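Visitor: Structure file coords34.txt, compact mmCIF, C-alpha atoms and all ligand atoms, is pasted below:
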```txt
# COMPACT_ATOMS: atom_id res chain seq x y z
CA ALA A 1 -199.10 -57.97 -12.00
CA LYS A 2 -197.86 -54.44 -12.70
CA LEU A 3 -194.35 -55.39 -11.70
CA ALA A 4 -194.35 -58.51 -13.81
CA GLU A 5 -195.61 -56.44 -16.73
CA ARG A 6 -192.88 -53.89 -16.28
CA GLY A 7 -190.37 -56.71 -16.15
CA SER A 8 -191.52 -58.11 -19.46
CA VAL A 9 -191.46 -54.66 -21.07
CA ALA A 10 -187.89 -54.23 -19.89
CA ARG A 11 -187.02 -57.65 -21.24
CA TYR A 12 -188.68 -56.72 -24.52
CA ASN A 13 -186.73 -53.46 -24.72
CA ARG A 14 -183.53 -55.26 -23.97
CA GLY A 15 -184.33 -57.74 -26.73
CA VAL A 16 -184.96 -54.97 -29.24
CA SER A 17 -181.82 -53.03 -28.37
CA GLU A 18 -179.77 -56.22 -28.56
CA GLU A 19 -181.16 -56.84 -32.02
CA ILE A 20 -180.31 -53.29 -33.08
CA ARG A 21 -176.85 -53.56 -31.58
CA GLY A 22 -176.34 -56.83 -33.43
CA ARG A 23 -177.35 -55.21 -36.69
CA VAL A 24 -175.14 -52.16 -36.20
CA ASN A 25 -172.28 -54.48 -35.37
CA MET A 26 -172.85 -56.56 -38.48
CA LEU A 27 -173.06 -53.43 -40.63
CA HIS A 28 -169.75 -52.29 -39.18
CA ASN A 29 -168.24 -55.69 -40.02
CA LEU A 30 -169.73 -55.61 -43.49
CA ARG A 31 -168.25 -52.18 -44.26
CA ARG A 32 -164.89 -53.37 -43.02
CA ALA A 33 -165.17 -56.60 -45.03
CA PHE A 34 -166.03 -54.65 -48.15
CA SER A 35 -162.95 -52.42 -47.87
CA ALA A 36 -160.77 -55.40 -46.84
CA ASN A 37 -161.76 -57.32 -50.00
CA GLU A 38 -163.49 -60.11 -48.09
CA LEU A 39 -166.30 -60.01 -50.64
CA PHE A 40 -165.96 -61.91 -53.88
CA LEU A 41 -168.05 -63.19 -56.75
CA VAL A 42 -168.92 -66.73 -57.69
CA PHE A 43 -170.33 -67.68 -61.07
CA GLN A 44 -173.13 -70.14 -61.83
CA PRO A 45 -173.52 -71.42 -65.40
CA GLN A 46 -176.70 -70.92 -67.41
CA ILE A 47 -177.36 -73.77 -69.81
CA SER A 48 -179.33 -74.20 -73.02
CA LEU A 49 -181.87 -76.97 -72.27
CA VAL A 50 -181.84 -77.80 -75.98
CA SER A 51 -178.12 -78.06 -76.76
CA GLY A 52 -176.72 -78.56 -73.25
CA ARG A 53 -174.19 -75.79 -73.89
CA CYS A 54 -173.30 -73.01 -71.52
CA VAL A 55 -174.73 -69.70 -72.73
CA GLY A 56 -174.11 -67.52 -69.71
CA ALA A 57 -173.35 -67.20 -66.03
CA GLU A 58 -174.90 -65.39 -63.09
CA ALA A 59 -172.55 -63.47 -60.79
CA LEU A 60 -173.41 -64.07 -57.10
CA LEU A 61 -171.89 -62.22 -54.18
CA ARG A 62 -170.12 -64.02 -51.32
CA TRP A 63 -168.72 -62.88 -47.99
CA ARG A 64 -165.98 -64.95 -46.39
CA THR A 65 -164.90 -63.50 -43.06
CA ALA A 66 -161.29 -63.52 -41.87
CA ASP A 67 -161.89 -66.70 -39.82
CA GLY A 68 -163.26 -68.49 -42.89
CA THR A 69 -166.99 -68.27 -42.07
CA MET A 70 -169.22 -67.86 -45.13
CA ILE A 71 -172.11 -65.46 -44.71
CA PRO A 72 -174.83 -65.97 -47.33
CA PRO A 73 -176.01 -62.95 -49.38
CA ASP A 74 -179.57 -63.28 -48.08
CA ARG A 75 -178.20 -62.26 -44.68
CA PHE A 76 -176.08 -59.25 -45.63
CA ILE A 77 -177.66 -57.78 -48.78
CA PRO A 78 -180.82 -56.58 -46.98
CA LEU A 79 -178.53 -54.85 -44.46
CA ALA A 80 -176.47 -53.30 -47.26
CA GLU A 81 -179.72 -52.09 -48.84
CA ARG A 82 -181.07 -50.54 -45.63
CA SER A 83 -177.81 -48.71 -45.00
CA GLY A 84 -177.23 -47.59 -48.59
CA LEU A 85 -173.93 -49.48 -48.72
CA ILE A 86 -175.42 -51.52 -51.59
CA VAL A 87 -174.78 -48.61 -53.98
CA ALA A 88 -170.99 -48.86 -53.61
CA MET A 89 -171.12 -52.63 -53.22
CA GLY A 90 -173.33 -53.05 -56.28
CA GLU A 91 -170.99 -50.84 -58.30
CA TRP A 92 -168.10 -53.10 -57.29
CA VAL A 93 -170.15 -56.14 -58.37
CA MET A 94 -170.85 -54.55 -61.76
CA ARG A 95 -167.18 -53.71 -62.29
CA ARG A 96 -165.94 -57.12 -61.21
CA ALA A 97 -168.54 -58.98 -63.31
CA CYS A 98 -167.80 -56.85 -66.39
CA GLU A 99 -164.07 -57.55 -65.98
CA GLU A 100 -164.73 -61.28 -65.78
CA ALA A 101 -166.94 -61.11 -68.89
CA ALA A 102 -164.23 -59.20 -70.76
CA ARG A 103 -161.79 -61.91 -69.78
CA MET A 104 -164.20 -64.58 -71.02
CA ALA A 105 -164.32 -62.81 -74.39
CA GLN A 106 -160.52 -62.73 -74.53
CA ARG A 107 -160.51 -66.49 -74.03
CA GLY A 108 -162.88 -66.99 -76.96
CA HIS A 109 -166.18 -66.98 -75.05
CA GLY A 110 -167.49 -63.62 -76.21
CA THR A 111 -171.02 -64.93 -76.76
CA VAL A 112 -171.37 -66.23 -73.20
CA ARG A 113 -173.44 -63.71 -71.24
CA MET A 114 -172.77 -62.40 -67.76
CA ALA A 115 -175.88 -61.79 -65.63
CA ILE A 116 -175.64 -59.26 -62.80
CA ASN A 117 -178.15 -58.83 -59.96
CA VAL A 118 -179.18 -55.23 -59.40
CA SER A 119 -180.93 -54.01 -56.26
CA VAL A 120 -183.82 -51.56 -56.27
CA ILE A 121 -181.70 -49.14 -54.22
CA GLN A 122 -179.11 -49.07 -57.00
CA PHE A 123 -181.83 -48.35 -59.56
CA ARG A 124 -183.13 -45.43 -57.56
CA ASP A 125 -179.66 -43.90 -57.45
CA PRO A 126 -179.52 -41.04 -59.97
CA HIS A 127 -175.97 -42.01 -60.96
CA PHE A 128 -176.83 -45.62 -61.73
CA LEU A 129 -176.60 -45.38 -65.52
CA GLY A 130 -173.34 -43.44 -65.31
CA ARG A 131 -171.82 -46.07 -63.04
CA LEU A 132 -173.00 -48.85 -65.33
CA ARG A 133 -171.57 -47.14 -68.41
CA ALA A 134 -168.24 -46.56 -66.66
CA ALA A 135 -168.04 -50.20 -65.54
CA ILE A 136 -168.59 -51.33 -69.13
CA GLU A 137 -166.15 -48.85 -70.67
CA ASP A 138 -163.37 -49.40 -68.13
CA SER A 139 -163.55 -53.19 -68.51
CA GLY A 140 -163.71 -53.03 -72.29
CA VAL A 141 -166.54 -55.59 -72.34
CA SER A 142 -169.10 -55.50 -75.13
CA PRO A 143 -172.45 -54.34 -73.63
CA GLN A 144 -174.14 -57.14 -75.60
CA GLN A 145 -172.44 -59.61 -73.27
CA ILE A 146 -174.02 -58.11 -70.13
CA GLU A 147 -177.46 -58.85 -68.70
CA LEU A 148 -179.07 -57.16 -65.70
CA GLU A 149 -181.36 -59.23 -63.44
CA ILE A 150 -184.11 -57.20 -61.84
CA THR A 151 -186.70 -58.79 -59.58
CA GLU A 152 -190.28 -58.81 -60.72
CA SER A 153 -191.52 -56.75 -57.77
CA VAL A 154 -189.02 -53.99 -58.57
CA ALA A 155 -189.63 -54.03 -62.30
CA MET A 156 -193.40 -53.83 -61.88
CA GLY A 157 -193.52 -51.65 -58.80
CA GLU A 158 -191.66 -48.58 -59.98
CA GLY A 159 -194.03 -47.58 -62.73
CA SER A 160 -193.17 -45.48 -65.75
CA ARG A 161 -189.75 -44.49 -64.44
CA MET A 162 -188.74 -48.15 -64.75
CA ILE A 163 -189.99 -48.35 -68.32
CA GLU A 164 -187.87 -45.32 -69.21
CA LEU A 165 -184.79 -46.68 -67.40
CA PHE A 166 -185.22 -50.07 -69.09
CA GLY A 167 -185.38 -48.27 -72.44
CA ARG A 168 -182.06 -46.57 -71.77
CA ILE A 169 -180.41 -49.80 -70.64
CA LYS A 170 -181.67 -51.55 -73.77
CA ALA A 171 -180.42 -48.66 -75.91
CA MET A 172 -176.95 -49.19 -74.45
CA GLY A 173 -177.12 -52.75 -75.81
CA LEU A 174 -177.59 -54.71 -72.57
CA ASP A 175 -180.11 -57.49 -71.95
CA ILE A 176 -182.68 -57.38 -69.15
CA ALA A 177 -184.05 -60.41 -67.30
CA ILE A 178 -186.93 -60.30 -64.82
CA ASP A 179 -185.78 -62.30 -61.78
CA ASP A 180 -187.96 -64.38 -59.44
CA PHE A 181 -190.71 -64.27 -62.03
CA GLY A 182 -194.10 -65.56 -60.88
CA THR A 183 -193.78 -64.26 -57.33
CA GLY A 184 -195.02 -60.74 -58.10
CA PHE A 185 -198.02 -59.39 -59.92
CA SER A 186 -196.95 -58.50 -63.42
CA SER A 187 -199.36 -56.58 -65.49
CA LEU A 188 -199.22 -58.03 -68.96
CA SER A 189 -199.30 -54.68 -70.73
CA HIS A 190 -196.50 -53.47 -68.50
CA LEU A 191 -194.46 -56.53 -69.35
CA GLN A 192 -194.94 -55.97 -73.04
CA ARG A 193 -193.97 -52.30 -72.84
CA MET A 194 -190.82 -53.14 -70.90
CA ASN A 195 -189.32 -55.02 -73.83
CA VAL A 196 -187.43 -57.45 -71.58
CA ASP A 197 -185.28 -60.24 -73.00
CA ARG A 198 -185.84 -63.00 -70.48
CA LEU A 199 -188.15 -64.16 -67.68
CA LYS A 200 -186.41 -66.07 -64.93
CA ILE A 201 -188.92 -68.46 -63.37
CA ASP A 202 -188.58 -68.48 -59.58
CA ARG A 203 -187.08 -71.54 -57.96
CA ALA A 204 -190.24 -72.16 -55.90
CA PHE A 205 -192.11 -73.10 -59.09
CA ILE A 206 -189.28 -75.33 -60.31
CA ASN A 207 -189.40 -77.09 -56.93
CA ASP A 208 -193.04 -77.90 -57.61
CA ILE A 209 -192.12 -80.00 -60.63
CA GLY A 210 -192.20 -83.57 -59.40
CA GLY A 211 -191.32 -86.90 -60.90
CA LEU A 212 -194.38 -88.41 -62.59
CA GLY A 213 -195.58 -85.34 -64.45
CA LYS A 214 -196.88 -83.81 -61.23
CA GLY A 215 -196.93 -80.14 -60.37
CA GLY A 216 -195.28 -77.41 -62.33
CA GLU A 217 -198.57 -75.69 -63.26
CA ILE A 218 -197.21 -72.20 -62.66
CA ALA A 219 -193.97 -72.95 -64.48
CA GLY A 220 -196.13 -74.18 -67.37
CA LEU A 221 -198.22 -71.00 -67.33
CA VAL A 222 -195.14 -68.77 -67.30
CA CYS A 223 -193.65 -70.74 -70.21
CA GLY A 224 -196.88 -70.27 -72.15
CA LEU A 225 -196.80 -66.55 -71.42
CA GLY A 226 -193.17 -66.23 -72.52
CA GLY A 227 -193.90 -68.12 -75.69
CA ARG A 228 -196.86 -65.86 -76.55
CA LEU A 229 -194.93 -62.66 -75.84
CA GLY A 230 -191.77 -63.87 -77.56
CA ILE A 231 -189.70 -63.58 -74.38
CA GLU A 232 -187.04 -66.19 -73.67
CA LEU A 233 -187.43 -68.28 -70.50
CA ILE A 234 -184.88 -69.41 -67.97
CA ALA A 235 -185.59 -71.66 -64.99
CA GLU A 236 -183.58 -71.25 -61.80
CA GLY A 237 -182.92 -73.91 -59.17
CA ILE A 238 -183.00 -76.99 -61.43
CA GLU A 239 -181.78 -79.83 -59.20
CA GLN A 240 -183.05 -82.89 -61.07
CA ILE A 241 -182.84 -84.05 -64.64
CA GLU A 242 -186.62 -84.67 -64.62
CA GLN A 243 -187.18 -80.98 -64.00
CA ALA A 244 -184.90 -80.04 -66.88
CA ASP A 245 -186.72 -82.47 -69.20
CA ARG A 246 -190.19 -81.28 -68.22
CA LEU A 247 -189.17 -77.63 -68.55
CA GLN A 248 -187.81 -78.22 -72.02
CA LEU A 249 -191.13 -79.80 -73.01
CA MET A 250 -192.91 -76.74 -71.60
CA GLY A 251 -190.89 -74.57 -73.99
CA CYS A 252 -188.35 -73.26 -71.51
CA GLN A 253 -185.09 -72.60 -73.38
CA LEU A 254 -182.56 -72.09 -70.58
CA GLY A 255 -181.80 -73.45 -67.13
CA GLN A 256 -179.61 -72.89 -64.12
CA GLY A 257 -179.18 -74.98 -60.98
CA TYR A 258 -177.22 -77.54 -59.01
CA HIS A 259 -178.14 -80.23 -61.55
CA PHE A 260 -175.84 -78.48 -64.02
CA ALA A 261 -173.34 -76.76 -61.76
CA ARG A 262 -173.03 -74.95 -58.44
CA PRO A 263 -171.79 -71.38 -58.29
CA MET A 264 -167.98 -71.42 -58.60
CA PRO A 265 -165.12 -69.08 -57.72
CA ALA A 266 -163.55 -67.34 -60.75
CA ASP A 267 -160.65 -69.81 -61.17
CA ASP A 268 -162.96 -72.85 -61.27
CA TRP A 269 -165.44 -71.04 -63.50
CA ARG A 270 -162.75 -70.30 -66.11
CA VAL A 271 -161.73 -73.96 -66.25
CA TRP A 272 -165.36 -75.12 -66.31
CA LEU A 273 -166.23 -72.72 -69.15
CA ASP A 274 -163.34 -73.86 -71.33
CA ALA A 275 -164.74 -77.39 -71.04
CA HIS A 276 -168.44 -76.54 -71.58
CA ALA A 277 -168.48 -73.55 -73.92
CA GLN A 278 -170.87 -73.08 -76.82
CA GLY A 279 -169.32 -74.75 -79.83
P1 LIG B 301 -181.24 -65.06 -56.75
O1 LIG B 301 -180.84 -63.90 -57.61
O2 LIG B 301 -182.61 -65.61 -56.94
O3 LIG B 301 -180.11 -66.14 -56.97
C1 LIG B 301 -180.34 -67.51 -57.04
C2 LIG B 301 -179.96 -68.21 -55.76
O4 LIG B 301 -180.26 -69.60 -55.87
C3 LIG B 301 -178.47 -68.15 -55.45
O5 LIG B 301 -178.36 -68.10 -54.03
C4 LIG B 301 -177.97 -69.51 -55.96
O6 LIG B 301 -176.75 -69.92 -55.37
C5 LIG B 301 -179.12 -70.38 -55.58
N1 LIG B 301 -179.21 -71.60 -56.39
C6 LIG B 301 -178.79 -71.79 -57.64
N2 LIG B 301 -179.10 -73.04 -58.08
C7 LIG B 301 -179.75 -73.65 -57.07
C8 LIG B 301 -180.34 -74.97 -56.92
O7 LIG B 301 -180.32 -75.82 -57.80
N3 LIG B 301 -180.94 -75.23 -55.73
C9 LIG B 301 -180.99 -74.32 -54.72
N4 LIG B 301 -181.59 -74.69 -53.58
N5 LIG B 301 -180.45 -73.07 -54.84
C10 LIG B 301 -179.84 -72.74 -56.00
P2 LIG B 301 -177.33 -67.12 -53.34
O8 LIG B 301 -176.05 -67.08 -54.12
O9 LIG B 301 -177.29 -67.53 -51.89
O10 LIG B 301 -178.02 -65.69 -53.48
C11 LIG B 301 -179.22 -65.40 -52.81
C12 LIG B 301 -179.79 -64.09 -53.27
O11 LIG B 301 -178.94 -63.00 -52.90
C13 LIG B 301 -179.93 -63.98 -54.78
O12 LIG B 301 -181.08 -64.65 -55.17
C14 LIG B 301 -180.00 -62.48 -54.95
O13 LIG B 301 -181.30 -62.02 -54.68
C15 LIG B 301 -179.08 -61.99 -53.86
N6 LIG B 301 -177.77 -61.66 -54.46
C16 LIG B 301 -176.70 -62.44 -54.67
N7 LIG B 301 -175.68 -61.74 -55.22
C17 LIG B 301 -176.12 -60.47 -55.37
C18 LIG B 301 -175.55 -59.26 -55.89
O14 LIG B 301 -174.40 -59.20 -56.37
N8 LIG B 301 -176.32 -58.12 -55.86
C19 LIG B 301 -177.61 -58.14 -55.36
N9 LIG B 301 -178.31 -56.99 -55.37
N10 LIG B 301 -178.19 -59.26 -54.89
C20 LIG B 301 -177.45 -60.42 -54.90
CA CA B 302 -180.70 -63.48 -59.74
CA CA B 303 -183.83 -65.56 -58.90
CA CA B 304 -185.31 -66.70 -56.33
```
Please render this file's structure as structure tokens.
Ligand code: C2E
Ligand code: CA
Ligand code: CA
Ligand code: CA

Guide:
Amino acid sequence: AKLAERGSVARYNRGVSEEIRGRVNMLHNLRRAFSANELFLVFQPQISLVSGRCVGAEALLRWRTADGTMIPPDRFIPLAERSGLIVAMGEWVMRRACEEAARMAQRGHGTVRMAINVSVIQFRDPHFLGRLRAAIEDSGVSPQQIELEITESVAMGEGSRMIELFGRIKAMGLDIAIDDFGTGFSSLSHLQRMNVDRLKIDRAFINDIGGLGKGGEIAGLVCGLGGRLGIELIAEGIEQIEQADRLQLMGCQLGQGYHFARPMPADDWRVWLDAHAQG
């Protein structure tokens, strides 16, 4: 019995060290990929549920390895966060997204917003605001065109420091959206003091909206909350027209999802935008 036990401990240890080795290896590859420009942004349109026009886009990070394999962000962003690499990577995302937004403005789409995901690790970095300001200035984009997406757990979890940081970001002229809304535990007074522009209802609650008026209770509650507080609402992960219709009836103004368009590389996005821009 003792021997068998020892054997399983050894197996366990081997399993753990293999996992660690795998992670270290992937981090090494990720660093290399980042400096070799294997990372790029795709853009997913954000649509007015009322007019059907495109009012913005969300920038989403992609990693295509040299052999053409696509690694989804859910697999490498946590690693980038644990290692701190997300600070440099997130700065690159901000710069690249601001450049694309500046280009949109040059092509006559200056009112179409660009939404950028920001990690909690970036927020905790003391140089975050400086990096953000530099990205905006160097690209020449108007700050009014830029929106930062911050997940609900981050926005609510970091206390008064977050409220102060949000105030500074707002003072620079940017918009703030609370991402994955409904999955955390927002305190209502907190939410009001944060002066956010948009609540982005998490995809899980959009999924719940079925065909014959079924489900969607949480989406409905969030829409009611947004309406009361005067905060605009955007639904993510809209895949069916029925969901878009129900959300509009609930008072949700904006939507994003495969029903409208998938995330696109920059070239496709530029063509798509010319065809779907706000009139
Ligand atoms: P998220 O911010 O909640 O982004 C929405 C995700 O839903 C994206 O996945 C998008 O491609 C996907 N999506 C959009 N419409 C639909 C739909 O109709 N149906 C379904 N099933 N999915 C839809 P993606 O691009 O794989 O990104 C996953 C997550 O990775 C993001 O979730 C975000 O948390 C993170 N992420 C992506 N890019 C960045 C980035 O530049 N910086 C940071 N910090 N995080 C990022
Ligand atoms: Ca997001
Ligand atoms: Ca989201
Ligand atoms: Ca989500």

Visitor: What residues have any atom no more than 7 Å from ligand LIG 301 (chain B) when counting only C-alpha atoms and all ligand atoms, and can you list them as a list in words?

Guide: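 Checked against 7 Å with only C-alpha atoms and all ligand atoms; the hits are Ala59, Leu60, Leu61, Pro72, Pro73, Asp74, Ile77, Gly90, Val93, Ile116, Asn117, Val118, Ser119, Asp179, Asp180, Glu236, Gly237, Ile238, Glu239, Gln256, Gly257, Tyr258, His259, Arg262 and Pro263 of chain A.
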
Visitor: All residues within 10 Å of ligand CA 303 (chain B) are required, counting all atoms listed in the file; please report them as a list in words.

Guide: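 My answer, listing the contacting residues, is Glu58, Asn117, Glu149, Ile150, Thr151, Glu152, Ala177, Ile178, Asp179, Asp180, Phe181, Leu199, Lys200, Ile201, Asp202, Arg203, Ala204, Ile234, Ala235, Glu236, Gly237 and Gln256 of chain A.
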
Visitor: Smallest atom-to-atom distance to ligand CA 302 (chain B): which of A:Leu148, A:Val112, A:Leu85, A:Leu221, using all atoms listed in the file?

Guide: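 Going through A:Leu148, A:Val112, A:Leu85, A:Leu221 one by one, the smallest distance to ligand CA 302 (chain B) is for A:Leu148.
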
Visitor: For each of A:Leu165, A:Ile176, A:Cys98, A:Ala33, take the minimum atom-to-atom distance to ligand CA 302 (chain B), counting all atoms listed in the file, then give the residue where this is smallest.

Guide: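 So, comparing all the options, the nearest one is A:Ile176.
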
Visitor: Grab the CA of Gly227 in chain A to atom CA of ligand CA 304 (chain B) distance for me, in Å with one decimal place.

Guide: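 Here the two named atoms are 21.2 Å from each other.
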
Visitor: From the set A:Gly251, A:Asp268, A:Gly182, A:Phe260, which residue has the shortest atom-to-atom contact distance to ligand CA 304 (chain B), counting only C-alpha atoms and all ligand atoms?

Guide: A:Gly182

Visitor: Counting all atoms listed in the file, which of A:Gln243, A:Ser8, A:Leu233, A:Ser186 gets nearest to Asn207 in chain A?

Guide: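 Closest candidate: A:Gln243.
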
Visitor: Just checking: using only C-alpha atoms and all ligand atoms, which residue out of A:Glu217, A:Glu147, A:Glu164, A:Asp208 ends up closest to ligand CA 302 (chain B)?

Guide: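 Counting only C-alpha atoms and all ligand atoms, the residue closest to ligand CA 302 (chain B) is A:Glu147.
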
Visitor: Which is closest to His127 in chain A among A:Ala105, A:Ala80, A:Val87, A:Leu39, if we use all atoms listed in the file?

Guide: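 Closest to His127 in chain A, using all atoms listed in the file: A:Val87.
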
Visitor: Which value, in Å to one decimal, gives the distance between CA of Asp175 in chain A and CA of Leu254 in chain A?

Guide: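 About the pair CA of Asp175 in chain A and CA of Leu254 in chain A: they are 14.9 Å apart.
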
Visitor: Residues within 10 Å of Gly110 in chain A, please, as an mmCIF file with C-alpha atoms, in the coordinates of the input. Count only C-alpha atoms; anything in the same chain fewer than 2 positions from it doesn't count.

Guide:
```cif
data_model
loop_
_atom_site.group_PDB
_atom_site.id
_atom_site.type_symbol
_atom_site.label_atom_id
_atom_site.label_comp_id
_atom_site.auth_asym_id
_atom_site.auth_seq_id
_atom_site.Cartn_x
_atom_site.Cartn_y
_atom_site.Cartn_z
ATOM 1 C CA ALA A 101 -166.940 -61.110 -68.890
ATOM 2 C CA ALA A 102 -164.230 -59.200 -70.760
ATOM 3 C CA ARG A 103 -161.790 -61.910 -69.780
ATOM 4 C CA MET A 104 -164.200 -64.580 -71.020
ATOM 5 C CA ALA A 105 -164.320 -62.810 -74.390
ATOM 6 C CA GLN A 106 -160.520 -62.730 -74.530
ATOM 7 C CA ARG A 107 -160.510 -66.490 -74.030
ATOM 8 C CA GLY A 108 -162.880 -66.990 -76.960
ATOM 9 C CA VAL A 112 -171.370 -66.230 -73.200
ATOM 10 C CA ARG A 113 -173.440 -63.710 -71.240
ATOM 11 C CA VAL A 141 -166.540 -55.590 -72.340
ATOM 12 C CA SER A 142 -169.100 -55.500 -75.130
ATOM 13 C CA GLN A 144 -174.140 -57.140 -75.600
ATOM 14 C CA GLN A 145 -172.440 -59.610 -73.270
#
```

Visitor: What gap, in Å, lies between CA of Met114 in chain A and CA of Met156 in chain A?

Guide: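 Pair CA of Met114 in chain A / CA of Met156 in chain A returns 23.1 Å.
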
Visitor: Which centre and edge lengths in Å to one decimal define the box along x, y and z that fits every listed atom of range 169-175 of chain A plus 6 Å per side, as JSON?

Guide:
```
{"center_x": -179.3, "center_y": -53.1, "center_z": -73.3, "size_x": 16.7, "size_y": 20.8, "size_z": 17.3}
```

Visitor: Could range 75-86 of chain A be written out with N, CA, C and O atoms, as a PDB file, in the first residue's frame, please?

Guide:
```pdb
ATOM      1  N   ARG A  75      -7.124  31.670 -23.624  1.00  0.00           N
ATOM      2  CA  ARG A  75      -6.032  30.759 -23.259  1.00  0.00           C
ATOM      3  C   ARG A  75      -4.726  31.491 -22.973  1.00  0.00           C
ATOM      4  O   ARG A  75      -3.913  30.984 -22.214  1.00  0.00           O
ATOM      5  N   PHE A  76      -4.483  32.654 -23.599  1.00  0.00           N
ATOM      6  CA  PHE A  76      -3.184  33.275 -23.351  1.00  0.00           C
ATOM      7  C   PHE A  76      -3.245  34.559 -22.511  1.00  0.00           C
ATOM      8  O   PHE A  76      -2.246  34.953 -21.927  1.00  0.00           O
ATOM      9  N   ILE A  77      -4.408  35.191 -22.407  1.00  0.00           N
ATOM     10  CA  ILE A  77      -4.464  36.411 -21.604  1.00  0.00           C
ATOM     11  C   ILE A  77      -4.257  36.134 -20.105  1.00  0.00           C
ATOM     12  O   ILE A  77      -3.501  36.863 -19.449  1.00  0.00           O
ATOM     13  N   PRO A  78      -4.870  35.079 -19.554  1.00  0.00           N
ATOM     14  CA  PRO A  78      -4.580  34.780 -18.141  1.00  0.00           C
ATOM     15  C   PRO A  78      -3.085  34.571 -17.880  1.00  0.00           C
ATOM     16  O   PRO A  78      -2.555  35.020 -16.859  1.00  0.00           O
ATOM     17  N   LEU A  79      -2.413  33.929 -18.822  1.00  0.00           N
ATOM     18  CA  LEU A  79      -0.970  33.703 -18.703  1.00  0.00           C
ATOM     19  C   LEU A  79      -0.214  35.033 -18.763  1.00  0.00           C
ATOM     20  O   LEU A  79       0.708  35.280 -17.981  1.00  0.00           O
ATOM     21  N   ALA A  80      -0.630  35.887 -19.691  1.00  0.00           N
ATOM     22  CA  ALA A  80      -0.001  37.212 -19.809  1.00  0.00           C
ATOM     23  C   ALA A  80      -0.238  38.028 -18.534  1.00  0.00           C
ATOM     24  O   ALA A  80       0.621  38.795 -18.114  1.00  0.00           O
ATOM     25  N   GLU A  81      -1.399  37.826 -17.911  1.00  0.00           N
ATOM     26  CA  GLU A  81      -1.694  38.559 -16.675  1.00  0.00           C
ATOM     27  C   GLU A  81      -0.823  38.054 -15.532  1.00  0.00           C
ATOM     28  O   GLU A  81      -0.241  38.842 -14.791  1.00  0.00           O
ATOM     29  N   ARG A  82      -0.724  36.717 -15.397  1.00  0.00           N
ATOM     30  CA  ARG A  82       0.078  36.153 -14.300  1.00  0.00           C
ATOM     31  C   ARG A  82       1.544  36.554 -14.407  1.00  0.00           C
ATOM     32  O   ARG A  82       2.221  36.710 -13.411  1.00  0.00           O
ATOM     33  N   SER A  83       2.036  36.696 -15.631  1.00  0.00           N
ATOM     34  CA  SER A  83       3.463  36.962 -15.820  1.00  0.00           C
ATOM     35  C   SER A  83       3.774  38.455 -15.885  1.00  0.00           C
ATOM     36  O   SER A  83       4.931  38.841 -15.915  1.00  0.00           O
ATOM     37  N   GLY A  84       2.727  39.289 -15.961  1.00  0.00           N
ATOM     38  CA  GLY A  84       2.945  40.723 -16.065  1.00  0.00           C
ATOM     39  C   GLY A  84       3.122  41.211 -17.499  1.00  0.00           C
ATOM     40  O   GLY A  84       3.157  42.408 -17.763  1.00  0.00           O
ATOM     41  N   LEU A  85       3.242  40.258 -18.429  1.00  0.00           N
ATOM     42  CA  LEU A  85       3.417  40.608 -19.842  1.00  0.00           C
ATOM     43  C   LEU A  85       2.229  41.435 -20.360  1.00  0.00           C
ATOM     44  O   LEU A  85       2.361  42.202 -21.315  1.00  0.00           O
ATOM     45  N   ILE A  86       1.084  41.298 -19.699  1.00  0.00           N
ATOM     46  CA  ILE A  86      -0.128  42.001 -20.146  1.00  0.00           C
ATOM     47  C   ILE A  86       0.059  43.521 -20.139  1.00  0.00           C
ATOM     48  O   ILE A  86      -0.625  44.230 -20.889  1.00  0.00           O
TER      49      ILE A  86
END
```
